[in-house]
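Visitor: Mind looking over this structure? Questions follow.
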Amino acid sequence: MKRSVQLAVGVAAAVVSAVALSGVPADAAGGHGADVYVSPTGNDRLPGTSGQPVRTLQRAQALVRERTSHATGDITVHLAPGVFDLSQPLRLTAQDSGANGHRVIWQGSTGTALSGGKQVTGWRPVPGRPGLYAAPEPKGMDNTRQLYVNGVREQRAQGPLPVTLKATATGYTASAPTMANWRNPSDIEFVYTAGEALWNIQRDGLGQWTEPRCPIGSVSGTTVTMAQPCWDNSTKRVVFPDIPGRSVNMVGPYDLTNGRQPTFVENAFEVLDTPGEWYLDRSARTVYYLPRPGEDLSSADVEVPVLQQLIDASDLHNVSFRGIQYEYATWLTPSSPEGFSEIQAGYTNTGPDGWAVQGLCQFVPNGKCPYASWTPEPGNISVADSTGLEFTDSVFAHLGAAGLRLAGNTQNTLVRGNIFTDISGNGIEVGGVDQPTTGSTHDVQVLDNHLYGLPREFHGGVAILNGYSQHDVISHNQIDNVAYSAISMGWGGWPDKIKVAATPNNSHDNVVSDNLIHDYMLSLDDGGGIYTQGITGSSLATGEKVTGNVIYGQLGLGKGIYTDNGNTYENVVGNVVYGTPYANVGTAHVDYRDNLGNNDPTLIQGNYWEQGDKDGDNKGVITQGNHLLDNPAAAPKSIVDNAGLEPAYRGLLAKKVGGAGPPEQPTRVGAFAADGKVYVTWNPSYAFNNAPLDSYLITAGTKTVSVPAAQFAKQGYAVVDGLINGQSSVVTVRAHNRFGASTPSLPSAPVTPGPLAGQVSDAPTGAKAIPSASAASLRWTPPAKMGDTPIIAYVITVSDGRTVTVNGRDALVSQPTAKGMTRVVDGLKPATAYTFTIAAVTADGPGAAVTVQTTTLG
């Protein structure tokens, strides 16, 4: 059966408001005679009237071109309800623009969808493989990276490697020839998941914020040759001879070949072993799927994205796209020998010499200019060199690249009242990073959108990515349940790593205001709720304004508002930030534009935070008038109520997009053993498939326990006890909602329970207390020696008799990298002396304590 479209259309008032605020007139009188009507059941031989609609977008496009010069008002292309199955992208050029001051409006109805997918039918059981089904690939399909069953993205076959690998110059030497007999080796990918090291979780990417992917080129015996140029672009770096380990103007480690193992293998038939997994055998033109319990493939809608773009527009002006669902598109470059050699935020090294020249302008001979010429993720809906566009009241879902890309020189464009979810990479991309001084992306407004449940595949992606631009406004969006940073601004600050000034650029007067951001960085680390890098203006007056945002619920290590390398002239004013390991706002970097030893000029003023820093001027980083936040409920109601979607758009939060099913699997499972038990942590699910999580199911050996999702969110770990000492096991975790359990996570490294020696942790170091009249911000660094086991919590004792237990992910992950901890103790009396002791807790109990004293303000 064909899918039924679930279009999350906003209220009519939202569209009216979007049009009014964009300065675009409503439909002009006299324009309707030129309107074009399109229906999936129409006929391209018809005239395109309301009673005789055409069928394809391309025919509608031709009719609009014929009528534009004669229209006395706006021309509206009325898209009827239903799915428009595209055989090719809708390619729009200057000829498709509005003329004579009027607009062309592509207007959807409730249930209108543009789809680049094809249905998979004809499922039959696979002999000798109970539960496994196969179907011929759809006609016209060559490859895909995604498969959906009843609107739910399913897991491409994945699993741990069956061998150990030793890195070589061209790939690996395997411990056994097991993979030499696997089918279609060039379709198999090795995935290198980053993030911070934790317990027995390893870090395998090109930096904590990345997750590179490289296909295998060939396997012969025990020799695994990786595909080029992905392998070189992921393992080679130009390194300064006098700065060991520091690559020239690049991020991430300079060498991936130093004994590092892939985190897991993906897209191999031989690891297709779990209900909910699928595999495309390209050589046999066959799709395989292991149905989940209760799924009936004879009636299910199984979709594979085939097109890589749905809309491709350039040199376009005065065009609106309203009330449309964009769905089922893929991106195939990561499946090619280029792979996915990530630098940051979905940008990649590409080409046969990418590692040697890209991003190296002015630093090495033949360095490619302009600076930072890395390759961005393409958009499944893509715009370039255009002005006066609108994308409103629509849904971007089930997409395989970036959702919407407004590339270089996009101007005067509005993105408002949309939902972005279930997207493989970045949600919205604005501008680019390869035209630091010549590009002219400006006056782009990204307002009142809900972005969540992304990126689903390229986990270093962000919800909203903005390159070099001017007068852009990113405001009143809600961003939640995302894998990495929520908003990323700017570029070009990395030269400060080698004591060189940030790259000059023409960014200025950009605003990031009144956004609601929570539950972010759920997969990777070293990012933030709002991340900015590079020069943002020529003064604090023209620099970036980050104001009125509410940010909380960060999982990965980083900052709530992250002022990273070369970040110059940013204003961080009047935000509410809490629950952000390991800093609310930071950090200061040396400004190498002069030789005076100053830091990049920054203003941090009037924020409500847990950081509690005193007023001061740290060589140009001005901190003044901030407020220690006693607890989240104490945040000013005026800021909290104003952040996120404005009232006319809050109906978006109740709209359901996609199908109903079990959630996405957890990732990065880590464990350590104690006497008769195993402690387990993991990165939580962030794609719920229209039902909230209720629990996690943890399996260690033959034992499975259930932990409430709320308990894990607060504590950061779980315990499986009653295990047999000396018996080794791995741990997997499944997320659960009312539709069932996810596929199991990849397994942890093996752990073996056994008695502990009773060695407790040393005391934390560097403790200090920063008081207000009613609270104190306690700051400390984890102990250098943690005892028999890793740290699972801290305990704070207060001289008024209270004991405060500090749980959470930051308590677990901050220890290996010695990142600072912050907690606020409230309920204190003014002008009163207090003593606090802080001790780390391991499986053996609390360790040695550090003591700190302070007196609250009068």
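In the structure tokens, the first chain shown is A, the next is B, and so on; residue numbers restart at 1 for each chain, and ligands run from 1 in the order shown.
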May I have the residues within 7 Å of stretch 670-680 of chain A as a PyMOL selection string, using only C-alpha atoms and disregarding those fewer than 2 positions away in the same chain?
Guide: chain A and resi 198-201+668+682+717-725+748+751-756+843
Visitor: Residues of stretch 254-336 of chain A that have any atom at most 10 Å from an atom of stretch 417-422 of chain A: could you tabulate them with the shortest-distance atom pair and the distance in Å to one decimal, using only C-alpha atoms, ordered by chain and increasing number, as a Markdown table?
Guide:
| residue | atom | partner | partner_atom | distance |
| --- | --- | --- | --- | --- |
| A:Arg322 | CA | A:Asn418 | CA | 9.4 |
| A:Gly323 | CA | A:Asn418 | CA | 8.8 |
| A:Ile324 | CA | A:Asn418 | CA | 9.5 |
| A:Gln325 | CA | A:Ile419 | CA | 9.3 |
| A:Tyr326 | CA | A:Phe420 | CA | 9.8 |
| A:Glu327 | CA | A:Asp422 | CA | 9.6 |
Visitor: Within stretch 115-265 of chain A, find each residue whose DSSP state, derived from the backbone, is helix (DSSP H, G or I), and express the selection as a list in words.
Guide: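 Filtering stretch 115-265 of chain A down to helix (DSSP H, G or I) leaves Thr178, Met179, Ala180, Asn181, Pro185, Ser186, Asp187, Cys230, Trp231, Asp232, Asn233, Ser234 and Thr235 of chain A.
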Visitor: If we count only C-alpha atoms and set the cut-off at 10 Å, which residues sit around A:Leu629, ignoring sequence neighbours fewer than 5 positions away in its own chain? Please answer as a list in words.
Guide: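 Surrounding residues, per the criterion: Val576, Val577, Tyr578, Asn607, Tyr608, Trp609, Glu610, Gln611, Gly612, Ala634, Ala635, Pro636, Ser772, Ser774, Ala775, Ala776, Ser777, Val824, Val825 and Asp826 of chain A.
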Visitor: When you draw a straight line from atom CA of A:Tyr794 to atom CA of A:Ala839, how long is it in Å?
Guide: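 Atom CA of A:Ala839 lies 5.6 Å from atom CA of A:Tyr794.
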Visitor: From the list A:Gly159, A:Ser814, A:Leu652, A:Met821, which residue is nearest A:Val395 when using only C-alpha atoms?
Guide: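 Answer, going by the shortest atom-to-atom distance: A:Leu652.
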Visitor: Between atom CA of A:Thr223 and atom CA of A:Lys166, what distance in Å does the model show, to one decimal?
Guide: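 Spanning atom CA of A:Thr223 to atom CA of A:Lys166 is a straight-line distance of 9.9 Å.
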Visitor: Measure the distance from atom CA of A:Ala407 to atom CA of A:His317 in Å and round it to one decimal.
Guide: 14.1 Å
Visitor: Can you tell me which residues surround stretch 85-88 of chain A at a distance of at most 10 Å, considering only C-alpha atoms, apart from same-chain residues fewer than 6 positions away, and format the answer as number ranges by chain?
Guide: A: 40, 56-58, 113-118, 140, 306-311, 327-328
Visitor: Write out as a PyMOL selection string which residues come within 6 Å of stretch 127-133 of chain A when counting only C-alpha atoms, dropping same-chain ones fewer than 6 positions away.
Guide: chain A and resi 288-290
Visitor: Any chance you could export the current selection's C-alpha atoms as a compact mmCIF listing (two decimals), in the first residue's frame?
Guide:
# COMPACT_ATOMS: atom_id res chain seq x y z
CA TYR A 288 17.06 -7.56 2.31
CA TYR A 289 15.17 -6.73 5.49
CA LEU A 290 14.63 -8.45 8.83
